[in-house]
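One file, coords.pdb, is given below (PDB, C-alpha atoms, pLDDT in the B column).
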```pdb
MODEL        1
ATOM      1  CA  MET E   1       0.000   0.000   0.000  1.00 39.00           C
ATOM      2  CA  SER E   2       1.242   3.475  -0.828  1.00 44.00           C
ATOM      3  CA  ASN E   3       1.971   6.002   1.905  1.00 53.00           C
ATOM      4  CA  MET E   4       0.527   8.606  -0.429  1.00 68.00           C
ATOM      5  CA  TYR E   5      -2.896   7.071  -1.174  1.00 86.00           C
ATOM      6  CA  ALA E   6      -4.716   4.315   0.687  1.00 86.00           C
ATOM      7  CA  PHE E   7      -6.284   2.964  -2.515  1.00 89.00           C
ATOM      8  CA  ILE E   8      -2.908   2.231  -4.155  1.00 93.00           C
ATOM      9  CA  ASP E   9      -1.654  -1.359  -4.128  1.00 95.00           C
ATOM     10  CA  VAL E  10       1.858  -0.859  -5.486  1.00 95.00           C
ATOM     11  CA  THR E  11       4.277   2.008  -6.138  1.00 96.00           C
ATOM     12  CA  ARG E  12       6.842   1.695  -8.922  1.00 97.00           C
ATOM     13  CA  ASN E  13       9.724   4.064  -9.602  1.00 97.00           C
ATOM     14  CA  PHE E  14      11.652   3.859 -12.848  1.00 98.00           C
ATOM     15  CA  LEU E  15      13.656   7.088 -12.631  1.00 98.00           C
ATOM     16  CA  GLY E  16      16.592   8.101 -10.486  1.00 97.00           C
ATOM     17  CA  GLY E  17      18.052  11.557  -9.991  1.00 97.00           C
ATOM     18  CA  VAL E  18      16.821  14.893  -8.681  1.00 95.00           C
ATOM     19  CA  CYS E  19      13.405  16.214  -9.681  1.00 95.00           C
ATOM     20  CA  GLN E  20      13.848  19.621 -11.290  1.00 95.00           C
ATOM     21  CA  HIS E  21      10.775  21.041  -9.549  1.00 97.00           C
ATOM     22  CA  LYS E  22      12.630  21.048  -6.205  1.00 94.00           C
ATOM     23  CA  CYS E  23       9.517  21.560  -4.077  1.00 95.00           C
ATOM     24  CA  LYS E  24      10.600  22.516  -0.568  1.00 93.00           C
ATOM     25  CA  TYR E  25       7.990  20.293   1.040  1.00 94.00           C
ATOM     26  CA  CYS E  26       8.880  17.128  -0.917  1.00 92.00           C
ATOM     27  CA  TYR E  27       9.026  14.103   1.386  1.00 87.00           C
ATOM     28  CA  ILE E  28      11.994  12.744  -0.563  1.00 90.00           C
ATOM     29  CA  ASN E  29      14.134  15.423   1.094  1.00 87.00           C
ATOM     30  CA  SER E  30      13.631  13.964   4.572  1.00 84.00           C
ATOM     31  CA  MET E  31      14.019  10.409   3.293  1.00 90.00           C
ATOM     32  CA  LYS E  32      17.361  11.276   1.691  1.00 90.00           C
ATOM     33  CA  GLU E  33      18.581  12.523   5.056  1.00 88.00           C
ATOM     34  CA  LYS E  34      17.681   9.245   6.773  1.00 91.00           C
ATOM     35  CA  PHE E  35      18.481   6.623   4.153  1.00 93.00           C
ATOM     36  CA  PRO E  36      21.803   6.572   2.223  1.00 93.00           C
ATOM     37  CA  ASN E  37      20.346   4.316  -0.491  1.00 94.00           C
ATOM     38  CA  ILE E  38      17.523   6.813  -1.148  1.00 93.00           C
ATOM     39  CA  ARG E  39      20.028   9.669  -1.206  1.00 93.00           C
ATOM     40  CA  GLU E  40      22.136   7.864  -3.796  1.00 94.00           C
ATOM     41  CA  ARG E  41      19.182   6.826  -5.949  1.00 95.00           C
ATOM     42  CA  TYR E  42      17.587  10.264  -6.070  1.00 94.00           C
ATOM     43  CA  SER E  43      20.690  12.417  -6.467  1.00 95.00           C
ATOM     44  CA  GLY E  44      22.435  13.569  -9.624  1.00 95.00           C
ATOM     45  CA  GLU E  45      21.121  13.681 -13.161  1.00 96.00           C
ATOM     46  CA  ILE E  46      17.768  12.196 -14.151  1.00 97.00           C
ATOM     47  CA  ARG E  47      18.331   8.653 -15.359  1.00 97.00           C
ATOM     48  CA  LEU E  48      16.326   5.601 -16.318  1.00 98.00           C
ATOM     49  CA  LEU E  49      16.716   2.688 -13.906  1.00 97.00           C
ATOM     50  CA  GLU E  50      16.871  -0.034 -16.531  1.00 96.00           C
ATOM     51  CA  LYS E  51      16.805  -2.864 -13.993  1.00 96.00           C
ATOM     52  CA  GLU E  52      13.326  -1.796 -12.945  1.00 97.00           C
ATOM     53  CA  LEU E  53      12.101  -2.513 -16.473  1.00 97.00           C
ATOM     54  CA  ASN E  54      13.085  -6.143 -15.995  1.00 96.00           C
ATOM     55  CA  LYS E  55      10.614  -6.635 -13.159  1.00 95.00           C
ATOM     56  CA  GLY E  56       7.039  -7.792 -13.560  1.00 95.00           C
ATOM     57  CA  GLU E  57       4.047  -5.664 -12.580  1.00 96.00           C
ATOM     58  CA  GLY E  58       1.646  -8.415 -11.533  1.00 95.00           C
ATOM     59  CA  THR E  59      -2.083  -8.356 -12.259  1.00 96.00           C
ATOM     60  CA  GLY E  60      -5.124  -6.681 -10.775  1.00 97.00           C
ATOM     61  CA  ASN E  61      -3.143  -3.952  -9.052  1.00 96.00           C
ATOM     62  CA  ILE E  62      -3.590  -0.197  -8.848  1.00 97.00           C
ATOM     63  CA  VAL E  63      -0.041   0.985  -9.477  1.00 97.00           C
ATOM     64  CA  PHE E  64       1.232   4.470  -8.673  1.00 97.00           C
ATOM     65  CA  VAL E  65       3.972   5.146 -11.220  1.00 98.00           C
ATOM     66  CA  GLN E  66       6.876   7.321 -10.041  1.00 97.00           C
ATOM     67  CA  ASP E  67       5.726   8.630  -6.695  1.00 95.00           C
ATOM     68  CA  MET E  68       9.361   9.595  -6.040  1.00 94.00           C
ATOM     69  CA  GLY E  69       9.734  12.560  -8.372  1.00 95.00           C
ATOM     70  CA  ASP E  70       7.854  13.721 -11.457  1.00 98.00           C
ATOM     71  CA  LEU E  71       7.954  11.476 -14.501  1.00 98.00           C
ATOM     72  CA  PHE E  72       6.669  14.286 -16.713  1.00 98.00           C
ATOM     73  CA  ALA E  73       9.018  17.079 -15.657  1.00 98.00           C
ATOM     74  CA  ASN E  74      10.509  18.853 -18.651  1.00 97.00           C
ATOM     75  CA  ASN E  75      13.988  17.463 -18.085  1.00 96.00           C
ATOM     76  CA  VAL E  76      12.866  13.819 -18.358  1.00 98.00           C
ATOM     77  CA  PRO E  77      13.770  12.606 -21.875  1.00 98.00           C
ATOM     78  CA  SER E  78      10.792  11.453 -23.932  1.00 98.00           C
ATOM     79  CA  GLU E  79      12.577   8.201 -24.683  1.00 98.00           C
ATOM     80  CA  PHE E  80      12.625   7.357 -20.966  1.00 98.00           C
ATOM     81  CA  ILE E  81       8.898   7.939 -20.673  1.00 98.00           C
ATOM     82  CA  LEU E  82       8.157   5.889 -23.791  1.00 98.00           C
ATOM     83  CA  LYS E  83      10.203   2.952 -22.500  1.00 98.00           C
ATOM     84  CA  ILE E  84       8.298   3.009 -19.220  1.00 98.00           C
ATOM     85  CA  LEU E  85       4.901   3.203 -20.908  1.00 98.00           C
ATOM     86  CA  GLU E  86       5.764   0.368 -23.291  1.00 98.00           C
ATOM     87  CA  HIS E  87       6.825  -1.745 -20.329  1.00 98.00           C
ATOM     88  CA  LEU E  88       3.544  -1.094 -18.502  1.00 98.00           C
ATOM     89  CA  LYS E  89       1.514  -2.057 -21.570  1.00 98.00           C
ATOM     90  CA  LYS E  90       2.779  -5.621 -21.096  1.00 97.00           C
ATOM     91  CA  TYR E  91       0.627  -5.813 -17.954  1.00 97.00           C
ATOM     92  CA  PRO E  92      -2.820  -4.630 -19.110  1.00 97.00           C
ATOM     93  CA  ASP E  93      -4.724  -6.068 -16.151  1.00 97.00           C
ATOM     94  CA  ASN E  94      -3.452  -3.309 -13.857  1.00 98.00           C
ATOM     95  CA  THR E  95      -4.642   0.256 -13.451  1.00 98.00           C
ATOM     96  CA  TYR E  96      -1.815   2.795 -13.633  1.00 98.00           C
ATOM     97  CA  LEU E  97      -1.996   6.102 -11.785  1.00 98.00           C
ATOM     98  CA  PHE E  98       0.261   8.989 -12.787  1.00 98.00           C
ATOM     99  CA  GLN E  99       0.607  12.356 -11.090  1.00 98.00           C
ATOM    100  CA  THR E 100       2.468  15.450 -12.234  1.00 98.00           C
ATOM    101  CA  LYS E 101       2.833  19.202 -11.904  1.00 98.00           C
ATOM    102  CA  ASN E 102       3.482  19.414 -15.625  1.00 98.00           C
ATOM    103  CA  PRO E 103       0.363  17.980 -17.333  1.00 98.00           C
ATOM    104  CA  LYS E 104       1.383  19.580 -20.617  1.00 98.00           C
ATOM    105  CA  ARG E 105       3.431  16.439 -21.238  1.00 98.00           C
ATOM    106  CA  TYR E 106       0.436  14.165 -20.782  1.00 98.00           C
ATOM    107  CA  LEU E 107      -0.713  15.466 -24.153  1.00 98.00           C
ATOM    108  CA  GLU E 108       2.619  14.520 -25.718  1.00 98.00           C
ATOM    109  CA  PHE E 109       1.994  10.860 -24.886  1.00 98.00           C
ATOM    110  CA  GLU E 110      -1.746  10.659 -25.470  1.00 97.00           C
ATOM    111  CA  ASP E 111      -1.366   7.742 -27.885  1.00 97.00           C
ATOM    112  CA  ASP E 112       1.258   5.954 -25.805  1.00 98.00           C
ATOM    113  CA  PHE E 113      -0.355   5.450 -22.403  1.00 98.00           C
ATOM    114  CA  PRO E 114      -1.645   2.015 -21.393  1.00 95.00           C
ATOM    115  CA  SER E 115      -5.406   1.790 -21.826  1.00 92.00           C
ATOM    116  CA  ASN E 116      -6.223   1.669 -18.112  1.00 95.00           C
ATOM    117  CA  VAL E 117      -4.731   4.878 -16.714  1.00 98.00           C
ATOM    118  CA  VAL E 118      -5.743   7.628 -14.304  1.00 98.00           C
ATOM    119  CA  LEU E 119      -3.939  10.943 -14.786  1.00 98.00           C
ATOM    120  CA  GLY E 120      -3.560  13.432 -11.961  1.00 98.00           C
ATOM    121  CA  VAL E 121      -2.245  16.922 -11.346  1.00 98.00           C
ATOM    122  CA  THR E 122      -1.044  18.490  -8.112  1.00 98.00           C
ATOM    123  CA  ILE E 123      -2.505  21.916  -7.334  1.00 98.00           C
ATOM    124  CA  GLU E 124      -1.793  23.001  -3.774  1.00 98.00           C
ATOM    125  CA  THR E 125      -3.556  26.382  -3.893  1.00 98.00           C
ATOM    126  CA  ASN E 126      -4.767  29.019  -6.316  1.00 98.00           C
ATOM    127  CA  ASP E 127      -2.126  31.486  -5.022  1.00 98.00           C
ATOM    128  CA  GLU E 128       0.695  31.718  -7.570  1.00 98.00           C
ATOM    129  CA  GLY E 129       2.849  33.823  -5.247  1.00 97.00           C
ATOM    130  CA  LYS E 130       2.895  31.167  -2.552  1.00 97.00           C
ATOM    131  CA  ILE E 131       3.820  28.474  -5.080  1.00 97.00           C
ATOM    132  CA  LYS E 132       6.748  30.467  -6.492  1.00 96.00           C
ATOM    133  CA  LYS E 133       8.262  30.653  -3.012  1.00 95.00           C
ATOM    134  CA  ILE E 134       8.351  26.886  -2.520  1.00 96.00           C
ATOM    135  CA  SER E 135       8.628  25.269  -5.952  1.00 97.00           C
ATOM    136  CA  LYS E 136      10.114  25.540  -9.433  1.00 97.00           C
ATOM    137  CA  ALA E 137       7.188  23.636 -10.926  1.00 98.00           C
ATOM    138  CA  PRO E 138       4.977  25.131 -13.658  1.00 98.00           C
ATOM    139  CA  SER E 139       2.452  27.775 -12.642  1.00 98.00           C
ATOM    140  CA  ILE E 140      -1.007  26.931 -11.377  1.00 98.00           C
ATOM    141  CA  LYS E 141      -2.435  28.510 -14.527  1.00 98.00           C
ATOM    142  CA  ASP E 142      -0.366  26.211 -16.749  1.00 98.00           C
ATOM    143  CA  ARG E 143      -1.369  23.175 -14.729  1.00 98.00           C
ATOM    144  CA  GLN E 144      -5.028  24.097 -15.034  1.00 98.00           C
ATOM    145  CA  ASP E 145      -4.891  24.995 -18.734  1.00 98.00           C
ATOM    146  CA  TYR E 146      -3.199  21.784 -19.825  1.00 98.00           C
ATOM    147  CA  MET E 147      -5.083  19.498 -17.462  1.00 98.00           C
ATOM    148  CA  GLN E 148      -8.345  20.770 -18.942  1.00 98.00           C
ATOM    149  CA  ARG E 149      -7.192  19.392 -22.287  1.00 98.00           C
ATOM    150  CA  VAL E 150      -6.797  15.836 -21.017  1.00 98.00           C
ATOM    151  CA  LYS E 151      -9.900  14.133 -22.406  1.00 96.00           C
ATOM    152  CA  PHE E 152      -8.564  10.637 -23.089  1.00 97.00           C
ATOM    153  CA  ALA E 153      -8.410   9.250 -19.525  1.00 97.00           C
ATOM    154  CA  LYS E 154      -9.908   9.525 -16.068  1.00 98.00           C
ATOM    155  CA  THR E 155      -8.422  12.461 -14.177  1.00 98.00           C
ATOM    156  CA  PHE E 156      -7.953  13.688 -10.631  1.00 98.00           C
ATOM    157  CA  VAL E 157      -6.605  16.683  -8.750  1.00 98.00           C
ATOM    158  CA  THR E 158      -4.440  16.345  -5.672  1.00 98.00           C
ATOM    159  CA  ILE E 159      -4.461  19.218  -3.199  1.00 98.00           C
ATOM    160  CA  GLU E 160      -1.505  18.179  -1.078  1.00 96.00           C
ATOM    161  CA  PRO E 161      -0.012  19.746   0.830  1.00 97.00           C
ATOM    162  CA  ILE E 162      -2.959  22.122   1.004  1.00 98.00           C
ATOM    163  CA  ILE E 163      -1.918  25.773   1.204  1.00 98.00           C
ATOM    164  CA  SER E 164      -4.128  28.746   2.078  1.00 98.00           C
ATOM    165  CA  PHE E 165      -6.390  29.704  -0.801  1.00 98.00           C
ATOM    166  CA  ASN E 166      -9.227  31.884  -2.039  1.00 98.00           C
ATOM    167  CA  LEU E 167     -12.251  29.613  -1.932  1.00 98.00           C
ATOM    168  CA  GLU E 168     -14.145  30.950  -4.937  1.00 98.00           C
ATOM    169  CA  GLU E 169     -11.111  31.033  -7.222  1.00 98.00           C
ATOM    170  CA  PHE E 170      -9.774  27.660  -6.112  1.00 98.00           C
ATOM    171  CA  VAL E 171     -13.112  25.946  -6.621  1.00 98.00           C
ATOM    172  CA  ARG E 172     -13.414  27.522 -10.071  1.00 98.00           C
ATOM    173  CA  ILE E 173     -10.000  26.162 -11.106  1.00 98.00           C
ATOM    174  CA  ILE E 174     -10.894  22.635 -10.034  1.00 98.00           C
ATOM    175  CA  ARG E 175     -14.362  22.783 -11.551  1.00 98.00           C
ATOM    176  CA  ASP E 176     -12.865  23.880 -14.884  1.00 98.00           C
ATOM    177  CA  ILE E 177     -10.553  20.860 -14.844  1.00 98.00           C
ATOM    178  CA  ASN E 178     -13.592  18.671 -14.170  1.00 98.00           C
ATOM    179  CA  PRO E 179     -11.739  15.813 -12.430  1.00 98.00           C
ATOM    180  CA  ASP E 180     -13.285  12.451 -11.606  1.00 98.00           C
ATOM    181  CA  PHE E 181     -12.173  12.947  -8.012  1.00 98.00           C
ATOM    182  CA  VAL E 182     -10.045  15.152  -5.769  1.00 98.00           C
ATOM    183  CA  ASN E 183      -7.580  14.124  -3.053  1.00 97.00           C
ATOM    184  CA  ILE E 184      -6.904  16.508  -0.191  1.00 97.00           C
ATOM    185  CA  GLY E 185      -4.028  16.188   2.272  1.00 96.00           C
ATOM    186  CA  ALA E 186      -1.862  18.330   4.541  1.00 96.00           C
ATOM    187  CA  ASP E 187       1.861  18.838   5.018  1.00 94.00           C
ATOM    188  CA  SER E 188       3.205  15.831   6.897  1.00 85.00           C
ATOM    189  CA  LYS E 189       6.795  17.023   7.374  1.00 84.00           C
ATOM    190  CA  ASN E 190       6.445  20.273   9.327  1.00 83.00           C
ATOM    191  CA  ASN E 191       7.675  22.496   6.517  1.00 90.00           C
ATOM    192  CA  GLY E 192       6.058  25.603   7.920  1.00 90.00           C
ATOM    193  CA  LEU E 193       3.669  26.123   5.023  1.00 95.00           C
ATOM    194  CA  ASN E 194       0.909  28.731   5.059  1.00 96.00           C
ATOM    195  CA  GLU E 195      -2.024  26.441   5.787  1.00 97.00           C
ATOM    196  CA  PRO E 196      -5.753  27.181   5.773  1.00 97.00           C
ATOM    197  CA  SER E 197      -7.973  26.947   8.824  1.00 97.00           C
ATOM    198  CA  TRP E 198     -10.141  23.885   9.356  1.00 97.00           C
ATOM    199  CA  ASP E 199     -13.233  25.965   8.640  1.00 97.00           C
ATOM    200  CA  GLU E 200     -11.751  26.908   5.255  1.00 98.00           C
ATOM    201  CA  VAL E 201     -10.947  23.271   4.520  1.00 98.00           C
ATOM    202  CA  GLU E 202     -14.490  22.215   5.366  1.00 97.00           C
ATOM    203  CA  SER E 203     -15.873  24.921   3.081  1.00 98.00           C
ATOM    204  CA  LEU E 204     -13.651  23.702   0.263  1.00 98.00           C
ATOM    205  CA  ILE E 205     -14.706  20.086   0.717  1.00 98.00           C
ATOM    206  CA  ARG E 206     -18.357  21.088   0.787  1.00 98.00           C
ATOM    207  CA  GLU E 207     -18.063  23.044  -2.463  1.00 98.00           C
ATOM    208  CA  LEU E 208     -16.065  20.331  -4.247  1.00 98.00           C
ATOM    209  CA  LYS E 209     -18.581  17.655  -3.347  1.00 98.00           C
ATOM    210  CA  LYS E 210     -21.167  19.528  -5.367  1.00 98.00           C
ATOM    211  CA  PHE E 211     -19.493  18.388  -8.597  1.00 98.00           C
ATOM    212  CA  THR E 212     -16.891  15.677  -7.908  1.00 98.00           C
ATOM    213  CA  GLY E 213     -15.787  12.980  -5.483  1.00 98.00           C
ATOM    214  CA  VAL E 214     -13.522  13.955  -2.604  1.00 98.00           C
ATOM    215  CA  LYS E 215     -10.993  11.712  -0.862  1.00 96.00           C
ATOM    216  CA  VAL E 216      -9.628  13.068   2.428  1.00 95.00           C
ATOM    217  CA  LYS E 217      -6.288  11.838   3.706  1.00 94.00           C
ATOM    218  CA  PRO E 218      -5.905  11.196   7.438  1.00 94.00           C
ATOM    219  CA  ASN E 219      -3.098  13.763   7.680  1.00 94.00           C
ATOM    220  CA  LEU E 220      -5.606  16.525   6.871  1.00 94.00           C
ATOM    221  CA  LEU E 221      -7.214  16.025  10.284  1.00 91.00           C
ATOM    222  CA  ARG E 222      -4.147  17.629  11.882  1.00 92.00           C
ATOM    223  CA  LEU E 223      -5.608  20.980  10.833  1.00 93.00           C
ATOM    224  CA  LYS E 224      -8.775  20.179  12.757  1.00 88.00           C
ATOM    225  CA  GLU E 225      -6.760  19.298  15.823  1.00 83.00           C
ATOM    226  CA  LYS E 226      -5.171  22.769  15.774  1.00 71.00           C
ATOM    227  CA  LEU E 227      -8.517  24.312  16.812  1.00 57.00           C
TER     228      LEU E 227
ENDMDL
END
```
Structure re-expressed in structure tokens:
Amino acid sequence: MSNMYAFIDVTRNFLGGVCQHKCKYCYINSMKEKFPNIRERYSGEIRLLEKELNKGEGTGNIVFVQDMGDLFANNVPSEFILKILEHLKKYPDNTYLFQTKNPKRYLEFEDDFPSNVVLGVTIETNDEGKIKKISKAPSIKDRQDYMQRVKFAKTFVTIEPIISFNLEEFVRIIRDINPDFVNIGADSKNNGLNEPSWDEVESLIRELKKFTGVKVKPNLLRLKEKL
């Protein structure tokens, strides 16, 4: 089971190296401090871990592909992505979940994904200024614009770690994307992010449920406990 989502059966990581988005809250940072093997694997240039392509993927699993980093970051060569997708196609009985902050590249591989995929985008807030302070990932506007164009697969939005937001604007962004569901979670690593109040979170959940499914992660309840 994935630490990120309770409904995931397996996580699979085919890339090594440092993610170019360099989000300050990324849980890989703390893992690299604790585990030398993680530090070695996720340091240096982006590279394809060929040995991972020699492993089987089983059957009947929901597989989160590349939870350690962003498979669709701009510095990941297209040939790496194509090799991974071709490998996954050999195991059609699984469902493959992908998540990115650069959904523009989903469109590049529209004809290459396995048939049973779910494509997600991370959007932590509607506040561009807050994002620029903590991440080198594409803007919220870019994420929204390109995710709206994904019409060939089920989609979802992940709001994690949730950062303070304007309710009306944030709901509009997510409604325009029209995801099949939304995940909401909080910062688990004490990164000192600007978080919303529990009342604001409840208002967001209530508004989202009017047009999509909402999955709440247990770590979100920490904000309720702060009351």
Open item on the list: Could you list, as a PyMOL selection string, every residue within 8 Å of stretch 12-25 of chain E, counting all atoms listed in the file and ignoring same-chain residues fewer than 3 positions away?
Closed with: chain E and resi 29+41-50+52-53+63-71+73+75+84+134-137+187+189+191
Export of the given selection (C-alpha atoms) as a PDB file, in the coordinates of the input:
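selection_17.pdb written:
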```pdb
ATOM      1  CA  ASN E  29      14.134  15.423   1.094  1.00 87.00           C
ATOM      2  CA  ARG E  41      19.182   6.826  -5.949  1.00 95.00           C
ATOM      3  CA  TYR E  42      17.587  10.264  -6.070  1.00 94.00           C
ATOM      4  CA  SER E  43      20.690  12.417  -6.467  1.00 95.00           C
ATOM      5  CA  GLY E  44      22.435  13.569  -9.624  1.00 95.00           C
ATOM      6  CA  GLU E  45      21.121  13.681 -13.161  1.00 96.00           C
ATOM      7  CA  ILE E  46      17.768  12.196 -14.151  1.00 97.00           C
ATOM      8  CA  ARG E  47      18.331   8.653 -15.359  1.00 97.00           C
ATOM      9  CA  LEU E  48      16.326   5.601 -16.318  1.00 98.00           C
ATOM     10  CA  LEU E  49      16.716   2.688 -13.906  1.00 97.00           C
ATOM     11  CA  GLU E  50      16.871  -0.034 -16.531  1.00 96.00           C
ATOM     12  CA  GLU E  52      13.326  -1.796 -12.945  1.00 97.00           C
ATOM     13  CA  LEU E  53      12.101  -2.513 -16.473  1.00 97.00           C
ATOM     14  CA  VAL E  63      -0.041   0.985  -9.477  1.00 97.00           C
ATOM     15  CA  PHE E  64       1.232   4.470  -8.673  1.00 97.00           C
ATOM     16  CA  VAL E  65       3.972   5.146 -11.220  1.00 98.00           C
ATOM     17  CA  GLN E  66       6.876   7.321 -10.041  1.00 97.00           C
ATOM     18  CA  ASP E  67       5.726   8.630  -6.695  1.00 95.00           C
ATOM     19  CA  MET E  68       9.361   9.595  -6.040  1.00 94.00           C
ATOM     20  CA  GLY E  69       9.734  12.560  -8.372  1.00 95.00           C
ATOM     21  CA  ASP E  70       7.854  13.721 -11.457  1.00 98.00           C
ATOM     22  CA  LEU E  71       7.954  11.476 -14.501  1.00 98.00           C
ATOM     23  CA  ALA E  73       9.018  17.079 -15.657  1.00 98.00           C
ATOM     24  CA  ASN E  75      13.988  17.463 -18.085  1.00 96.00           C
ATOM     25  CA  ILE E  84       8.298   3.009 -19.220  1.00 98.00           C
ATOM     26  CA  ILE E 134       8.351  26.886  -2.520  1.00 96.00           C
ATOM     27  CA  SER E 135       8.628  25.269  -5.952  1.00 97.00           C
ATOM     28  CA  LYS E 136      10.114  25.540  -9.433  1.00 97.00           C
ATOM     29  CA  ALA E 137       7.188  23.636 -10.926  1.00 98.00           C
ATOM     30  CA  ASP E 187       1.861  18.838   5.018  1.00 94.00           C
ATOM     31  CA  LYS E 189       6.795  17.023   7.374  1.00 84.00           C
ATOM     32  CA  ASN E 191       7.675  22.496   6.517  1.00 90.00           C
TER      33      ASN E 191
END
```
Open item on the list: Could you tell me, as a ChimeraX atom specification, exactly which residues end up selected when the PyMOL selection byres ((chain E and resi 82) around 12) is applied to this structure?
Closed with: /E:14,48,53,71-72,76-81,83-89,105-106,108-114
Task: Between atom CA of E:Val150 and atom CA of E:Lys90, distance in Å (one decimal) - done: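 Result for atom CA of E:Val150 versus atom CA of E:Lys90: 23.5 Å, one decimal.
Counting from atom CA of E:Val157, the distance to atom CA of E:Asp127 is 15.9 Å.
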- [ ] List the residues matched by the PyMOL selection byres ((chain E and resi 96-101) around 7) in the displayed structure as a count of residues only, ordered by chain and then by residue number.
- [x] 20
Task: Result set, the PyMOL selection byres ((chain E and resi 10) around 6) on current file, as JSON, numbers by chain - done: {"E": [1, 8, 9, 11, 63]}
TODO: Mind giving me the straight-line distance from atom CA of E:Phe211 to atom CA of E:Phe181 in Å, one decimal?
DONE: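 Computing the Euclidean distance for atom CA of E:Phe211 and atom CA of E:Phe181 yields 9.1 Å.
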TODO: Rank nothing, just name the residue among E:Ser139, E:Asn126, E:Asn178, E:Ser164 nearest to E:Val201, using all atoms listed in the file.
DONE: E:Ser164
Open item on the list: Could you check the closest approach to E:Pro196 for each of E:Leu221, E:Val182, E:Ile163, E:Val216 and tell me which residue wins, using all atoms listed in the file?
Closed with: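 Selected residue with least distance to E:Pro196: E:Ile163.
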Open item on the list: Set the distance at 9 Å and use all atoms listed in the file: which residues neighbour E:Leu167 once local chain neighbours fewer than 5 positions away are removed? I'd like the list as a list in words.
Closed with: Asn126, Arg172, Glu200, Ser203, Leu204 and Glu207 of chain E
Residues from last step as file, C-alpha atoms, as a CSV table (one decimal), in the frame of the given file:
```csv
chain,number,residue,atom,x,y,z
E,126,ASN,CA,-4.8,29.0,-6.3
E,172,ARG,CA,-13.4,27.5,-10.1
E,200,GLU,CA,-11.8,26.9,5.3
E,203,SER,CA,-15.9,24.9,3.1
E,204,LEU,CA,-13.7,23.7,0.3
E,207,GLU,CA,-18.1,23.0,-2.5
```
Open item on the list: Around the point (-13.5, 20.2, 11.2) (coordinates from the file), which residues reach within 10 Å if we count all atoms listed in the file? Answer as a PyMOL selection string.
Closed with: chain E and resi 197-203+220-227
- [ ] For each of E:Ile123, E:Lys133, E:Glu128, E:Asp176, take the minimum atom-to-atom distance to E:Arg149, counting all atoms listed in the file, then give the residue where this is smallest.
- [x]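 Of all the options, E:Asp176 lies closest to E:Arg149.
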Task: Counting all atoms listed in the file, the residue of E:Asp142, E:Asp180, E:Glu57, E:Glu124 that sits nearest E:Leu193 - done: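 Of the candidates, the smallest distance to E:Leu193 is held by E:Glu124.
Of the residues under consideration (E:Ser188, E:Thr212, E:Gln144, E:Thr59), E:Ser188 shows the shortest atom-to-atom contact distance to E:Glu160 when counting all atoms listed in the file.
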Open item on the list: Between E:Ile177, E:Ile38, E:Ile28, E:Ile131, which residue has the minimum interatomic distance to E:Phe165, considering all atoms listed in the file?
Closed with: E:Ile131
